[in-house]
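Chemist: Got a structure here, written out as structure tokens. Questions coming.
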Amino acid sequence: MKIKAQWLLLIAFLPKWKLTLLSLIIPFITLLFYYLLIYMDYQQEITQQHIEIAQRLKRINHHQRTLGTMPSLNSLITQQMDYDIPFDNTPVSEQLQRLLMTYHFIPEIWENTPNSLYKLTFTLSYPQFLTLLEYLNQTRLALISLNIIPIEPHLISVQISLTELSYSSAIQGDIS
């Protein structure tokens, strides 16, 4: 390997301040690239955090809008009390199946316990949910629990627990 003498002579005869400056340029450039890369990494993290914050705010606003448009549980209970429940001799399970088949409400989950407790889970739009409640209130079923979870802007997941009303308990006034 042959070093050209011109470069060697140029470096050897440089004044001391130029030599010092030349020796500091390489670490300075390296340090500059290092800080530039760190700065860009921080910028990417900050951008990612801004995106996450925007998504969280969007979800919070969506949930607030959904909660603002849904009725309270008390108003749903009041609406349930407004219906006259016809007592016929058809078994409640058949009534429920007929109602669901007639109005095309297909539950995702259907649980039936021996003590006439029915647990149904649906994914419905809000108007479909109100229609389902209206039709359910015209059967011999009492609403025990209702769990509503917003899924999308126009869809909700509804978990309903119903129990059979017996004629004797309706006469005694045990329905609350």
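We name chains A, B, ... following the order of the structure tokens; residues begin at 1 in each chain, and ligands are numbered from 1 as shown.
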Any chance you could list, as a VMD selection string, the residues in chain A that come up strand (DSSP E or B) when DSSP is run on the backbone?

Modeler: chain A and resid 109 to 112 117 to 124 141 to 152 155 to 164

Chemist: Output N, CA and C atoms of each residue in that selection to a file, as a compact mmCIF listing (two decimals), in the first residue's frame.

Modeler:
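The result, written out as out07.txt:
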# COMPACT_ATOMS: atom_id res chain seq x y z
N ILE A 109 -75.99 -16.93 21.43
CA ILE A 109 -75.90 -17.89 22.53
C ILE A 109 -77.29 -18.04 23.12
N TRP A 110 -77.66 -19.29 23.37
CA TRP A 110 -78.96 -19.58 23.98
C TRP A 110 -78.70 -20.57 25.10
N GLU A 111 -78.97 -20.17 26.33
CA GLU A 111 -78.83 -21.06 27.47
C GLU A 111 -80.18 -21.16 28.16
N ASN A 112 -80.54 -22.38 28.53
CA ASN A 112 -81.81 -22.63 29.20
C ASN A 112 -81.52 -23.50 30.41
N LEU A 117 -84.95 -20.34 33.42
CA LEU A 117 -84.13 -19.14 33.22
C LEU A 117 -83.51 -19.24 31.83
N TYR A 118 -83.72 -18.19 31.03
CA TYR A 118 -83.20 -18.16 29.66
C TYR A 118 -82.15 -17.06 29.57
N LYS A 119 -80.99 -17.41 29.05
CA LYS A 119 -79.93 -16.42 28.82
C LYS A 119 -79.66 -16.39 27.32
N LEU A 120 -79.87 -15.22 26.73
CA LEU A 120 -79.72 -15.05 25.29
C LEU A 120 -78.72 -13.94 25.01
N THR A 121 -77.92 -14.11 23.97
CA THR A 121 -76.97 -13.09 23.55
C THR A 121 -77.21 -12.79 22.07
N PHE A 122 -77.34 -11.51 21.76
CA PHE A 122 -77.61 -11.06 20.39
C PHE A 122 -76.61 -9.98 20.01
N THR A 123 -76.40 -9.80 18.72
CA THR A 123 -75.73 -8.63 18.16
C THR A 123 -76.76 -7.94 17.27
N LEU A 124 -77.18 -6.75 17.71
CA LEU A 124 -78.29 -6.07 17.05
C LEU A 124 -77.99 -4.60 16.85
N LEU A 141 -92.50 -13.75 29.90
CA LEU A 141 -91.13 -13.71 30.38
C LEU A 141 -90.86 -12.38 31.07
N ALA A 142 -90.14 -12.46 32.17
CA ALA A 142 -89.74 -11.25 32.89
C ALA A 142 -88.25 -11.03 32.68
N LEU A 143 -87.90 -9.80 32.46
CA LEU A 143 -86.50 -9.43 32.26
C LEU A 143 -85.79 -9.41 33.62
N ILE A 144 -84.74 -10.22 33.74
CA ILE A 144 -84.00 -10.28 35.00
C ILE A 144 -82.75 -9.43 34.91
N SER A 145 -82.00 -9.60 33.84
CA SER A 145 -80.80 -8.77 33.68
C SER A 145 -80.61 -8.42 32.22
N LEU A 146 -79.96 -7.29 32.02
CA LEU A 146 -79.74 -6.77 30.68
C LEU A 146 -78.34 -6.18 30.65
N ASN A 147 -77.51 -6.67 29.76
CA ASN A 147 -76.15 -6.17 29.63
C ASN A 147 -75.96 -5.72 28.19
N ILE A 148 -75.69 -4.44 28.01
CA ILE A 148 -75.55 -3.86 26.67
C ILE A 148 -74.12 -3.39 26.50
N ILE A 149 -73.46 -3.86 25.43
CA ILE A 149 -72.08 -3.48 25.15
C ILE A 149 -72.02 -2.93 23.73
N PRO A 150 -71.59 -1.67 23.56
CA PRO A 150 -71.46 -1.13 22.20
C PRO A 150 -70.32 -1.84 21.46
N ILE A 151 -70.57 -2.21 20.23
CA ILE A 151 -69.54 -2.86 19.42
C ILE A 151 -69.03 -1.89 18.36
N GLU A 152 -69.93 -1.39 17.58
CA GLU A 152 -69.63 -0.43 16.53
C GLU A 152 -70.61 0.72 16.67
N LEU A 155 -74.01 -0.93 16.14
CA LEU A 155 -74.25 -2.28 16.63
C LEU A 155 -73.99 -2.37 18.12
N ILE A 156 -74.81 -3.18 18.79
CA ILE A 156 -74.60 -3.43 20.21
C ILE A 156 -74.70 -4.93 20.46
N SER A 157 -73.97 -5.38 21.45
CA SER A 157 -74.10 -6.76 21.90
C SER A 157 -75.01 -6.74 23.12
N VAL A 158 -76.05 -7.55 23.08
CA VAL A 158 -77.06 -7.54 24.15
C VAL A 158 -77.11 -8.93 24.78
N GLN A 159 -76.93 -8.96 26.09
CA GLN A 159 -77.07 -10.20 26.85
C GLN A 159 -78.30 -10.04 27.73
N ILE A 160 -79.29 -10.90 27.50
CA ILE A 160 -80.56 -10.80 28.20
C ILE A 160 -80.78 -12.07 29.02
N SER A 161 -81.18 -11.90 30.26
CA SER A 161 -81.60 -13.02 31.10
C SER A 161 -83.09 -12.85 31.36
N LEU A 162 -83.84 -13.90 31.06
CA LEU A 162 -85.30 -13.88 31.22
C LEU A 162 -85.73 -15.05 32.07
N THR A 163 -86.82 -14.88 32.77
CA THR A 163 -87.40 -15.99 33.53
C THR A 163 -88.89 -16.04 33.25
N GLU A 164 -89.45 -17.22 33.44
CA GLU A 164 -90.88 -17.41 33.18
C GLU A 164 -91.70 -16.82 34.32

Chemist: Might you pull out every residue within 12 Å of region 59-61 of chain A, with only C-alpha atoms counted and same-chain residues fewer than 4 positions away left off, and present them as a compact mmCIF listing (two decimals) with C-alpha atoms, in the first residue's frame?

Modeler:
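Result saved to result39.txt:
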# COMPACT_ATOMS: atom_id res chain seq x y z
CA GLU A 52 -52.52 6.20 19.87
CA ILE A 53 -53.92 9.21 21.71
CA ALA A 54 -56.05 10.15 18.69
CA GLN A 55 -57.40 6.57 18.50
CA ARG A 65 -72.08 9.27 21.75
CA THR A 66 -73.37 5.70 22.12
CA LEU A 67 -74.17 6.21 25.79
CA GLY A 68 -75.91 9.47 24.97
CA PRO A 150 -71.46 -1.13 22.20
CA ILE A 151 -69.54 -2.86 19.42
CA GLU A 152 -69.63 -0.43 16.53
CA PRO A 153 -71.42 2.90 16.00

Chemist: Work out how far apart CA of Leu132 (chain A) and CA of His104 (chain A) are and give it in Å to one decimal.

Modeler: 9.9 Å

Chemist: Which of region 2-176 of chain A counts as helix (DSSP H, G or I) under DSSP, as an MDAnalysis selection string please?

Modeler: chainID A and resid 5:12 16:69 73:81 92:102 126:136 167:172

Chemist: Put those residues in a file: C-alpha atoms, as a short mmCIF file (atom, residue, chain, number, x, y, z; two decimals), in the first residue's frame.

Modeler:
data_model
loop_
_atom_site.label_atom_id
_atom_site.label_comp_id
_atom_site.auth_asym_id
_atom_site.auth_seq_id
_atom_site.Cartn_x
_atom_site.Cartn_y
_atom_site.Cartn_z
CA ALA A 5 3.43 11.84 -0.56
CA GLN A 6 1.43 14.96 -1.42
CA TRP A 7 -1.27 14.18 1.17
CA LEU A 8 1.32 13.28 3.76
CA LEU A 9 3.24 16.50 3.18
CA LEU A 10 0.02 18.54 3.25
CA ILE A 11 -0.98 17.09 6.61
CA ALA A 12 2.53 17.29 8.07
CA LYS A 16 -1.45 23.28 14.63
CA TRP A 17 -4.93 24.89 14.82
CA LYS A 18 -5.88 23.38 11.44
CA LEU A 19 -4.62 19.99 12.56
CA THR A 20 -6.71 20.22 15.72
CA LEU A 21 -9.73 21.25 13.70
CA LEU A 22 -9.21 18.34 11.30
CA SER A 23 -8.91 15.86 14.17
CA LEU A 24 -12.20 17.15 15.67
CA ILE A 25 -14.24 16.97 12.45
CA ILE A 26 -14.62 13.16 12.40
CA PRO A 27 -15.92 12.87 16.01
CA PHE A 28 -18.16 15.90 15.42
CA ILE A 29 -19.73 14.36 12.29
CA THR A 30 -20.16 11.04 14.10
CA LEU A 31 -21.80 12.80 17.03
CA LEU A 32 -24.04 14.75 14.66
CA PHE A 33 -25.26 11.55 12.97
CA TYR A 34 -25.78 9.91 16.38
CA TYR A 35 -27.96 12.79 17.64
CA LEU A 36 -29.80 12.95 14.33
CA LEU A 37 -30.70 9.27 14.61
CA ILE A 38 -31.78 9.68 18.25
CA TYR A 39 -33.88 12.72 17.33
CA MET A 40 -35.57 10.82 14.50
CA ASP A 41 -36.27 7.89 16.84
CA TYR A 42 -37.88 10.24 19.36
CA GLN A 43 -39.90 11.85 16.58
CA GLN A 44 -41.21 8.42 15.55
CA GLU A 45 -42.13 7.60 19.16
CA ILE A 46 -43.89 10.94 19.55
CA THR A 47 -45.78 10.41 16.29
CA GLN A 48 -46.80 6.91 17.41
CA GLN A 49 -48.01 8.28 20.76
CA HIS A 50 -50.03 10.99 18.98
CA ILE A 51 -51.68 8.33 16.80
CA GLU A 52 -52.52 6.20 19.87
CA ILE A 53 -53.92 9.21 21.71
CA ALA A 54 -56.05 10.15 18.69
CA GLN A 55 -57.40 6.57 18.50
CA ARG A 56 -58.22 6.54 22.22
CA LEU A 57 -60.00 9.90 21.95
CA LYS A 58 -61.96 8.60 18.98
CA ARG A 59 -63.03 5.51 20.98
CA ILE A 60 -63.96 7.63 24.01
CA ASN A 61 -66.04 10.00 21.84
CA HIS A 62 -67.73 7.01 20.20
CA HIS A 63 -68.62 5.49 23.59
CA GLN A 64 -69.90 8.84 24.85
CA ARG A 65 -72.08 9.27 21.75
CA THR A 66 -73.37 5.70 22.12
CA LEU A 67 -74.17 6.21 25.79
CA GLY A 68 -75.91 9.47 24.97
CA THR A 69 -78.27 7.79 22.48
CA LEU A 73 -82.38 1.05 32.34
CA ASN A 74 -85.16 2.74 34.32
CA SER A 75 -86.90 3.87 31.13
CA LEU A 76 -86.67 0.34 29.73
CA ILE A 77 -88.16 -1.08 32.93
CA THR A 78 -90.94 1.51 32.76
CA GLN A 79 -91.66 0.50 29.17
CA GLN A 80 -91.75 -3.14 30.23
CA MET A 81 -94.37 -2.39 32.89
CA VAL A 92 -92.77 -20.35 27.41
CA SER A 93 -89.92 -22.02 25.53
CA GLU A 94 -92.21 -22.49 22.51
CA GLN A 95 -93.44 -18.88 22.78
CA LEU A 96 -89.87 -17.65 22.85
CA GLN A 97 -88.80 -19.82 19.93
CA ARG A 98 -91.83 -18.76 17.89
CA LEU A 99 -91.20 -15.09 18.64
CA LEU A 100 -87.53 -15.32 17.69
CA MET A 101 -88.27 -17.25 14.50
CA THR A 102 -91.17 -15.00 13.47
CA TYR A 126 -80.39 -0.21 18.39
CA PRO A 127 -83.82 -0.20 16.65
CA GLN A 128 -83.74 -4.02 16.45
CA PHE A 129 -82.98 -4.12 20.17
CA LEU A 130 -86.00 -1.96 20.99
CA THR A 131 -88.18 -4.13 18.75
CA LEU A 132 -86.92 -7.26 20.48
CA LEU A 133 -87.72 -5.76 23.89
CA GLU A 134 -91.18 -4.82 22.71
CA TYR A 135 -91.93 -8.35 21.52
CA LEU A 136 -90.36 -9.98 24.59
CA TYR A 167 -99.71 -16.84 36.99
CA SER A 168 -99.60 -17.23 40.78
CA SER A 169 -96.59 -14.92 41.17
CA ALA A 170 -98.27 -12.30 38.95
CA ILE A 171 -101.37 -12.36 41.13
CA GLN A 172 -99.34 -12.10 44.35
#

Chemist: Looking at A:Thr90, A:Leu165, A:Ser125, A:Asn115, which one is nearest to Asn137 (chain A), with distances taken over only C-alpha atoms?

Modeler: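 Closest candidate: A:Leu165.
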